[in-house]
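Source file: upload21.cif (mmCIF, C-alpha atoms)
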data_start
loop_
_atom_site.group_PDB
_atom_site.id
_atom_site.type_symbol
_atom_site.label_atom_id
_atom_site.label_comp_id
_atom_site.auth_asym_id
_atom_site.auth_seq_id
_atom_site.Cartn_x
_atom_site.Cartn_y
_atom_site.Cartn_z
ATOM 1 C CA TRP A 1 34.182 24.628 -25.438
ATOM 2 C CA ASP A 2 36.464 22.597 -27.698
ATOM 3 C CA THR A 3 38.158 20.617 -24.934
ATOM 4 C CA GLU A 4 36.233 20.987 -21.670
ATOM 5 C CA PRO A 5 32.630 20.391 -20.610
ATOM 6 C CA VAL A 6 30.611 23.574 -20.166
ATOM 7 C CA LYS A 7 28.778 24.211 -16.923
ATOM 8 C CA ALA A 8 25.413 25.897 -17.150
ATOM 9 C CA LEU A 9 26.350 29.114 -15.374
ATOM 10 C CA ASP A 10 29.483 29.519 -17.537
ATOM 11 C CA LEU A 11 27.264 30.083 -20.574
ATOM 12 C CA PHE A 12 26.721 33.693 -19.618
ATOM 13 C CA ALA A 13 30.400 34.473 -20.006
ATOM 14 C CA MET A 14 30.178 33.139 -23.578
ATOM 15 C CA CYS A 15 26.778 34.385 -24.669
ATOM 16 C CA VAL A 16 26.189 37.741 -23.021
ATOM 17 C CA PRO A 17 28.226 40.718 -24.288
ATOM 18 C CA ALA A 18 29.784 42.710 -21.451
ATOM 19 C CA ALA A 19 27.965 45.851 -22.597
ATOM 20 C CA ILE A 20 24.553 44.384 -21.734
ATOM 21 C CA ALA A 21 25.539 42.054 -18.890
ATOM 22 C CA ASP A 22 23.739 44.275 -16.348
ATOM 23 C CA HIS A 23 20.561 44.707 -18.401
ATOM 24 C CA PRO A 24 17.488 43.677 -16.317
ATOM 25 C CA ALA A 25 16.435 41.031 -18.852
ATOM 26 C CA VAL A 26 19.877 39.429 -18.794
ATOM 27 C CA ALA A 27 19.961 39.563 -15.006
ATOM 28 C CA ALA A 28 16.562 37.836 -14.871
ATOM 29 C CA MET A 29 17.743 35.068 -17.193
ATOM 30 C CA ARG A 30 20.869 34.573 -15.102
ATOM 31 C CA LEU A 31 18.800 34.386 -11.934
ATOM 32 C CA GLY A 32 16.455 31.879 -13.557
ATOM 33 C CA VAL A 33 19.320 29.511 -14.326
ATOM 34 C CA GLU A 34 20.934 29.990 -10.921
ATOM 35 C CA GLU A 35 17.645 29.099 -9.263
ATOM 36 C CA ARG A 36 17.183 25.961 -11.348
ATOM 37 C CA ILE A 37 20.636 24.413 -11.177
ATOM 38 C CA PRO A 38 20.691 23.929 -7.360
ATOM 39 C CA GLN A 39 17.340 22.176 -7.609
ATOM 40 C CA LEU A 40 19.023 19.301 -9.411
ATOM 41 C CA LYS A 41 20.793 18.550 -6.127
ATOM 42 C CA SER A 42 17.412 17.848 -4.532
ATOM 43 C CA TRP A 43 15.995 14.529 -5.683
ATOM 44 C CA GLU A 44 12.468 15.602 -4.757
ATOM 45 C CA ASP A 45 12.715 18.749 -6.896
ATOM 46 C CA TYR A 46 14.126 16.722 -9.762
ATOM 47 C CA GLN A 47 11.155 14.350 -9.636
ATOM 48 C CA ARG A 48 8.706 17.248 -9.443
ATOM 49 C CA VAL A 49 10.190 18.966 -12.490
ATOM 50 C CA TYR A 50 9.884 15.850 -14.633
ATOM 51 C CA ALA A 51 6.378 15.116 -13.439
ATOM 52 C CA GLU A 52 5.366 18.515 -14.870
ATOM 53 C CA ILE A 53 6.623 17.810 -18.412
ATOM 54 C CA PRO A 54 3.693 17.955 -20.874
ATOM 55 C CA GLU A 55 2.500 14.569 -22.120
ATOM 56 C CA GLU A 56 2.990 15.587 -25.775
ATOM 57 C CA THR A 57 6.715 15.990 -25.113
ATOM 58 C CA TYR A 58 6.914 12.222 -24.762
ATOM 59 C CA HIS A 59 4.337 10.924 -27.197
ATOM 60 C CA GLY A 60 2.959 11.496 -30.683
ATOM 61 C CA GLU A 61 3.494 10.254 -34.232
ATOM 62 C CA ALA A 62 5.380 13.360 -35.364
ATOM 63 C CA ARG A 63 7.823 13.016 -32.497
ATOM 64 C CA ALA A 64 8.223 9.280 -33.161
ATOM 65 C CA GLU A 65 9.228 9.842 -36.782
ATOM 66 C CA ALA A 66 11.637 12.611 -35.810
ATOM 67 C CA VAL A 67 13.289 10.350 -33.232
ATOM 68 C CA ARG A 68 13.651 7.466 -35.713
ATOM 69 C CA SER A 69 15.546 9.722 -38.115
ATOM 70 C CA LEU A 70 18.267 10.562 -35.605
ATOM 71 C CA GLY A 71 21.712 9.045 -35.968
ATOM 72 C CA ARG A 72 21.646 7.696 -32.443
ATOM 73 C CA ALA A 73 18.440 5.801 -33.232
ATOM 74 C CA ARG A 74 19.991 4.267 -36.349
ATOM 75 C CA ALA A 75 23.160 3.258 -34.485
ATOM 76 C CA VAL A 76 21.455 1.093 -31.885
ATOM 77 C CA ARG A 77 18.897 -0.244 -34.392
ATOM 78 C CA GLU A 78 21.679 -1.380 -36.744
ATOM 79 C CA TRP A 79 23.476 -3.064 -33.838
ATOM 80 C CA ALA A 80 20.314 -4.994 -32.978
ATOM 81 C CA GLU A 81 19.711 -5.983 -36.610
ATOM 82 C CA LYS A 82 23.190 -7.545 -36.829
ATOM 83 C CA LEU A 83 22.658 -9.815 -33.838
ATOM 84 C CA PRO A 84 22.093 -13.497 -34.716
ATOM 85 C CA LYS A 85 18.406 -14.315 -34.460
ATOM 86 C CA ASP A 86 19.068 -17.555 -32.566
ATOM 87 C CA GLY A 87 20.900 -17.897 -29.259
ATOM 88 C CA PRO A 88 20.605 -16.919 -25.601
ATOM 89 C CA PRO A 89 18.739 -13.780 -24.507
ATOM 90 C CA VAL A 90 20.469 -10.430 -24.989
ATOM 91 C CA ALA A 91 19.934 -8.176 -21.952
ATOM 92 C CA VAL A 92 19.517 -4.471 -22.711
ATOM 93 C CA CYS A 93 18.861 -1.576 -20.325
ATOM 94 C CA ALA A 94 17.350 1.684 -21.625
ATOM 95 C CA ILE A 95 17.914 4.622 -19.250
ATOM 96 C CA GLY A 96 15.719 7.618 -19.990
ATOM 97 C CA LEU A 97 13.212 5.541 -21.922
ATOM 98 C CA GLN A 98 10.645 8.336 -22.520
ATOM 99 C CA ASP A 99 8.166 7.208 -25.208
ATOM 100 C CA GLY A 100 9.957 3.972 -26.115
ATOM 101 C CA VAL A 101 10.223 4.641 -29.876
ATOM 102 C CA ILE A 102 13.917 3.735 -30.180
ATOM 103 C CA GLU A 103 13.533 0.859 -27.746
ATOM 104 C CA GLY A 104 10.567 -0.571 -29.671
ATOM 105 C CA ASP A 105 12.566 -0.597 -32.892
ATOM 106 C CA VAL A 106 15.442 -2.355 -31.110
ATOM 107 C CA LEU A 107 13.141 -5.035 -29.685
ATOM 108 C CA ALA A 108 11.558 -5.572 -33.113
ATOM 109 C CA ALA A 109 14.968 -5.967 -34.747
ATOM 110 C CA CYS A 110 15.990 -9.033 -32.724
ATOM 111 C CA PRO A 111 13.723 -11.500 -30.883
ATOM 112 C CA ARG A 112 16.541 -12.364 -28.464
ATOM 113 C CA ILE A 113 16.566 -8.917 -26.862
ATOM 114 C CA HIS A 114 15.032 -8.570 -23.407
ATOM 115 C CA MET A 115 14.863 -4.991 -22.165
ATOM 116 C CA THR A 116 14.613 -3.152 -18.855
ATOM 117 C CA GLY A 117 13.426 0.448 -19.147
ATOM 118 C CA CYS A 118 14.394 3.078 -16.563
ATOM 119 C CA ASP A 119 13.027 6.612 -16.229
ATOM 120 C CA VAL A 120 12.200 9.136 -13.528
ATOM 121 C CA ALA A 121 9.327 10.787 -15.415
ATOM 122 C CA PRO A 122 5.929 9.183 -14.795
ATOM 123 C CA GLN A 123 4.980 9.973 -18.410
ATOM 124 C CA ALA A 124 7.431 7.283 -19.521
ATOM 125 C CA SER A 125 5.219 4.591 -17.993
ATOM 126 C CA ARG A 126 2.921 4.964 -21.010
ATOM 127 C CA GLY A 127 5.817 4.103 -23.304
ATOM 128 C CA ILE A 128 6.806 1.060 -21.281
ATOM 129 C CA LYS A 129 3.221 -0.208 -21.178
ATOM 130 C CA ALA A 130 3.049 0.075 -24.955
ATOM 131 C CA LEU A 131 6.275 -1.923 -25.273
ATOM 132 C CA GLN A 132 5.012 -4.569 -22.865
ATOM 133 C CA GLY A 133 1.871 -4.878 -24.978
ATOM 134 C CA ARG A 134 3.907 -5.381 -28.171
ATOM 135 C CA PHE A 135 6.583 -7.618 -26.666
ATOM 136 C CA PRO A 136 5.069 -9.679 -23.819
ATOM 137 C CA ASP A 137 7.610 -11.242 -21.448
ATOM 138 C CA ARG A 138 10.488 -9.260 -23.005
ATOM 139 C CA VAL A 139 10.125 -5.872 -21.300
ATOM 140 C CA ALA A 140 10.525 -4.897 -17.630
ATOM 141 C CA TRP A 141 10.129 -1.511 -15.935
ATOM 142 C CA HIS A 142 12.439 0.022 -13.317
ATOM 143 C CA ALA A 143 11.166 3.327 -11.904
ATOM 144 C CA ILE A 144 14.053 5.592 -10.902
ATOM 145 C CA ALA A 145 12.952 6.394 -7.376
ATOM 146 C CA ASP A 146 15.873 6.653 -4.932
ATOM 147 C CA ASP A 147 18.407 8.977 -6.556
ATOM 148 C CA HIS A 148 19.845 10.065 -9.915
ATOM 149 C CA TYR A 149 21.832 6.823 -10.262
ATOM 150 C CA ASP A 150 19.062 4.392 -9.286
ATOM 151 C CA TRP A 151 19.343 2.311 -12.448
ATOM 152 C CA SER A 152 18.765 -1.405 -12.788
ATOM 153 C CA ALA A 153 21.968 -3.220 -11.774
ATOM 154 C CA GLY A 154 22.447 -5.693 -14.628
ATOM 155 C CA PRO A 155 24.598 -7.247 -15.894
ATOM 156 C CA TYR A 156 23.654 -6.131 -19.405
ATOM 157 C CA ASP A 157 24.915 -6.831 -22.887
ATOM 158 C CA ALA A 158 24.050 -3.251 -23.881
ATOM 159 C CA VAL A 159 22.928 -0.032 -22.220
ATOM 160 C CA ILE A 160 21.149 2.762 -24.095
ATOM 161 C CA MET A 161 21.437 6.168 -22.400
ATOM 162 C CA TYR A 162 20.426 8.956 -24.751
ATOM 163 C CA GLU A 163 20.128 12.567 -23.541
ATOM 164 C CA VAL A 164 20.424 11.760 -19.835
ATOM 165 C CA LEU A 165 24.043 12.438 -18.848
ATOM 166 C CA GLU A 166 23.533 16.219 -18.960
ATOM 167 C CA HIS A 167 20.957 15.956 -16.152
ATOM 168 C CA VAL A 168 22.897 14.037 -13.493
ATOM 169 C CA PRO A 169 24.879 15.988 -10.865
ATOM 170 C CA ASP A 170 28.089 13.942 -11.226
ATOM 171 C CA ASP A 171 28.785 12.448 -14.645
ATOM 172 C CA SER A 172 31.826 10.541 -13.349
ATOM 173 C CA ILE A 173 29.624 8.619 -10.907
ATOM 174 C CA ALA A 174 27.171 7.962 -13.742
ATOM 175 C CA ILE A 175 29.783 6.571 -16.146
ATOM 176 C CA ALA A 176 31.320 4.394 -13.422
ATOM 177 C CA LYS A 177 27.863 2.965 -12.695
ATOM 178 C CA LEU A 178 27.295 2.251 -16.395
ATOM 179 C CA ARG A 179 30.625 0.390 -16.576
ATOM 180 C CA ARG A 180 29.565 -1.821 -13.649
ATOM 181 C CA MET A 181 26.173 -2.498 -15.233
ATOM 182 C CA LEU A 182 27.728 -3.819 -18.453
ATOM 183 C CA ARG A 183 29.306 -7.189 -19.077
ATOM 184 C CA PRO A 184 33.042 -6.989 -19.956
ATOM 185 C CA ASP A 185 32.205 -7.080 -23.677
ATOM 186 C CA GLY A 186 29.037 -4.994 -23.330
ATOM 187 C CA VAL A 187 28.137 -2.000 -25.505
ATOM 188 C CA LEU A 188 27.156 1.484 -24.333
ATOM 189 C CA PHE A 189 25.047 3.678 -26.626
ATOM 190 C CA LEU A 190 25.390 7.201 -25.265
ATOM 191 C CA SER A 191 24.462 10.671 -26.477
ATOM 192 C CA THR A 192 24.413 14.076 -24.781
ATOM 193 C CA PRO A 193 24.027 17.643 -26.124
ATOM 194 C CA SER A 194 27.226 19.159 -27.502
ATOM 195 C CA ALA A 195 28.648 22.261 -25.855
ATOM 196 C CA ALA A 196 28.730 24.166 -29.154
ATOM 197 C CA HIS A 197 25.063 23.409 -29.873
ATOM 198 C CA TRP A 198 24.137 24.298 -26.305
ATOM 199 C CA VAL A 199 25.728 27.733 -26.551
ATOM 200 C CA GLU A 200 24.156 28.363 -29.959
ATOM 201 C CA SER A 201 20.739 27.423 -28.556
ATOM 202 C CA TYR A 202 21.108 29.908 -25.747
ATOM 203 C CA ASN A 203 21.803 32.631 -28.285
ATOM 204 C CA THR A 204 19.087 31.832 -30.826
ATOM 205 C CA ASP A 205 16.220 29.809 -29.337
ATOM 206 C CA PRO A 206 14.401 31.006 -26.182
ATOM 207 C CA GLU A 207 12.492 27.721 -25.900
ATOM 208 C CA LYS A 208 15.686 25.659 -25.902
ATOM 209 C CA ARG A 209 17.285 28.157 -23.538
ATOM 210 C CA GLN A 210 14.543 27.375 -21.053
ATOM 211 C CA ALA A 211 14.917 23.615 -21.562
ATOM 212 C CA HIS A 212 18.700 23.713 -21.218
ATOM 213 C CA ALA A 213 18.353 25.545 -17.913
ATOM 214 C CA TRP A 214 17.762 22.125 -16.353
ATOM 215 C CA HIS A 215 21.028 20.744 -17.732
ATOM 216 C CA VAL A 216 24.049 20.608 -15.444
ATOM 217 C CA ARG A 217 26.707 20.588 -18.171
ATOM 218 C CA ALA A 218 27.346 20.059 -21.873
ATOM 219 C CA HIS A 219 30.217 17.972 -23.254
ATOM 220 C CA ASN A 220 32.152 18.070 -26.495
ATOM 221 C CA PRO A 221 33.684 14.950 -28.101
ATOM 222 C CA THR A 222 37.082 15.500 -26.448
ATOM 223 C CA SER A 223 35.772 15.902 -22.912
ATOM 224 C CA LEU A 224 33.244 13.085 -23.272
ATOM 225 C CA TRP A 225 35.805 10.601 -24.566
ATOM 226 C CA ARG A 226 38.212 11.589 -21.781
ATOM 227 C CA LEU A 227 35.490 10.801 -19.245
ATOM 228 C CA LEU A 228 34.567 7.497 -20.900
ATOM 229 C CA ARG A 229 38.158 6.273 -21.247
ATOM 230 C CA ALA A 230 38.862 7.125 -17.624
ATOM 231 C CA HIS A 231 36.318 4.428 -16.754
ATOM 232 C CA GLY A 232 37.515 1.792 -19.215
ATOM 233 C CA PHE A 233 35.389 2.514 -22.293
ATOM 234 C CA ASP A 234 36.620 2.615 -25.866
ATOM 235 C CA GLY A 235 34.932 2.678 -29.251
ATOM 236 C CA GLU A 236 33.573 5.181 -31.739
#
In structure tokens, write the structure found in this file.
Amino acid sequence: WDTEPVKALDLFAMCVPAAIADHPAVAAMRLGVEERIPQLKSWEDYQRVYAEIPEETYHGEARAEAVRSLGRARAVREWAEKLPKDGPPVAVCAIGLQDGVIEGDVLAACPRIHMTGCDVAPQASRGIKALQGRFPDRVAWHAIADDHYDWSAGPYDAVIMYEVLEHVPDDSIAIAKLRRMLRPDGVLFLSTPSAAHWVESYNTDPEKRQAHAWHVRAHNPTSLWRLLRAHGFDGE
């Protein structure tokens, strides 16, 4: 997994020793993943799955503090803090908004930022309502309703898409759409689970194994940068 993205069903070749590949428990796990992955091709099934996510997955003080400590949260927060406080509005789109913790910190960092939040999960509406209460007239909501790529069109000065790319059926379509959403000098903040971490999770953490069963693929830095540069992105 050093150079290529890993597809979900390929994990078994990496994680399951040949000697136990036919064990009933292993066969059941394989079947579970094979049953889930095709469901991502059905938009209705995708919506149903996310509607069933427990509310506590999206909200709570402990989760908020954990999210704020992540490097990806610091990266976009520091970008917002460096923006001049005076000037025209800065348009930002947050795809996969969830509870709005990162987005709230970004809005607080610069009064010029106006944000559109996008998410398929109905639980995220609580996060957007909280942001609209804190930042009246600076937050809009776009419910992802038509397909996996039904994101607000833009143009945007920045797009935040954290932990979403692994869910969409075609990541090339997704990255091309993000490029069109951004202004020529716009900034994309993107994160997705690493292939190495994904494989390790399958081996060591049954709970994460179940969660990752809904992921279509996992990238590594090489494969992700190849995808991004193919659509005109550069950066760090």
Find the residues of range 151-188 of chain A that sit at most 12 Å from range 126-145 of chain A; for each, write down the nearest two atoms and how far apart they are in Å, to one decimal. Count all atoms listed in the file. Sort by chain, then by number going up, and give it as JSON lines.
{"residue": "A:Trp151", "atom": "CA", "partner": "A:Ile144", "partner_atom": "CA", "distance": 6.4}
{"residue": "A:Ser152", "atom": "CA", "partner": "A:His142", "partner_atom": "CA", "distance": 6.5}
{"residue": "A:Ala153", "atom": "CA", "partner": "A:His142", "partner_atom": "CA", "distance": 10.2}
{"residue": "A:Gly154", "atom": "CA", "partner": "A:His142", "partner_atom": "CA", "distance": 11.6}
Choose the residue, out of A:Ala174, A:Leu190, A:Ala109, A:Ala80, that has the smallest atom-to-atom separation from Gly235 in chain A; count only C-alpha atoms.
A:Leu190
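Between CA of Arg72 in chain A and CA of Leu227 in chain A there is a distance of 19.4 Å.
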Give me, please, the distance in Å between CA of Asp105 in chain A and CA of Tyr162 in chain A, quoted to one decimal.
14.8 Å
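Using all atoms listed in the file for every distance, the candidate list A:Glu81, A:Glu163, A:Tyr156, A:Ala94 yields A:Glu81 as the residue closest to Ala108 in chain A.
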For Gly71 in chain A, find every residue with an atom within 12 Å (counting all atoms listed in the file), except residues of its own chain fewer than 6 positions away, and show them as a VMD selection string.
chain A and resid 77 to 78 102 162 189 to 191
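What separates CA of Ala195 in chain A from CA of Cys93 in chain A is a distance of 26.4 Å.
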Written as a VMD selection string, what is the full residue list that the PyMOL selection byres ((chain A and resi 216) around 6) yields on the file shown?
chain A and resid 8 166 to 167 215 217
Which is closest to Asp185 in chain A among A:Ala230, A:Ile173, A:Val159, A:Val164, if we use only C-alpha atoms?
A:Val159
Quick one: which residues end up in the PyMOL selection byres ((chain A and resi 110-112) around 9) for this structure, as a PyMOL selection string?
chain A and resi 80-91+106-109+113-114+138
Output the selection as an mmCIF file, in the frame of the given file - C-alpha atoms for each residue.
data_model
loop_
_atom_site.group_PDB
_atom_site.id
_atom_site.type_symbol
_atom_site.label_atom_id
_atom_site.label_comp_id
_atom_site.auth_asym_id
_atom_site.auth_seq_id
_atom_site.Cartn_x
_atom_site.Cartn_y
_atom_site.Cartn_z
ATOM 1 C CA ALA A 80 20.314 -4.994 -32.978
ATOM 2 C CA GLU A 81 19.711 -5.983 -36.610
ATOM 3 C CA LYS A 82 23.190 -7.545 -36.829
ATOM 4 C CA LEU A 83 22.658 -9.815 -33.838
ATOM 5 C CA PRO A 84 22.093 -13.497 -34.716
ATOM 6 C CA LYS A 85 18.406 -14.315 -34.460
ATOM 7 C CA ASP A 86 19.068 -17.555 -32.566
ATOM 8 C CA GLY A 87 20.900 -17.897 -29.259
ATOM 9 C CA PRO A 88 20.605 -16.919 -25.601
ATOM 10 C CA PRO A 89 18.739 -13.780 -24.507
ATOM 11 C CA VAL A 90 20.469 -10.430 -24.989
ATOM 12 C CA ALA A 91 19.934 -8.176 -21.952
ATOM 13 C CA VAL A 106 15.442 -2.355 -31.110
ATOM 14 C CA LEU A 107 13.141 -5.035 -29.685
ATOM 15 C CA ALA A 108 11.558 -5.572 -33.113
ATOM 16 C CA ALA A 109 14.968 -5.967 -34.747
ATOM 17 C CA ILE A 113 16.566 -8.917 -26.862
ATOM 18 C CA HIS A 114 15.032 -8.570 -23.407
ATOM 19 C CA ARG A 138 10.488 -9.260 -23.005
#
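Distances from A:Leu224, A:Ala176, A:Met181, A:Leu165 to Glu236 in chain A were compared using all atoms listed in the file, and the smallest one belongs to A:Leu224.
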Which centre and edge lengths in Å to one decimal define the box along x, y and z that fits every listed atom of range 87-96 of chain A plus 3 Å per side, as lines of an AutoDock Vina configuration file?
center_x = 18.3
center_y = -5.1
center_z = -24.3
size_x = 11.2
size_y = 31.5
size_z = 16.0
Distance query Arg226 in chain A at most 12 Å, only C-alpha atoms, self and fewer than 3 positions along chain excluded, as a ChimeraX atom specification:
/A:3-5,171-172,175,219-223,229-234
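You can rank A:Asp99, A:Asp150, A:Asp170, A:Asp157 by their closest distance to Met115 in chain A using all atoms listed in the file, and at the top of that list sits A:Asp157.
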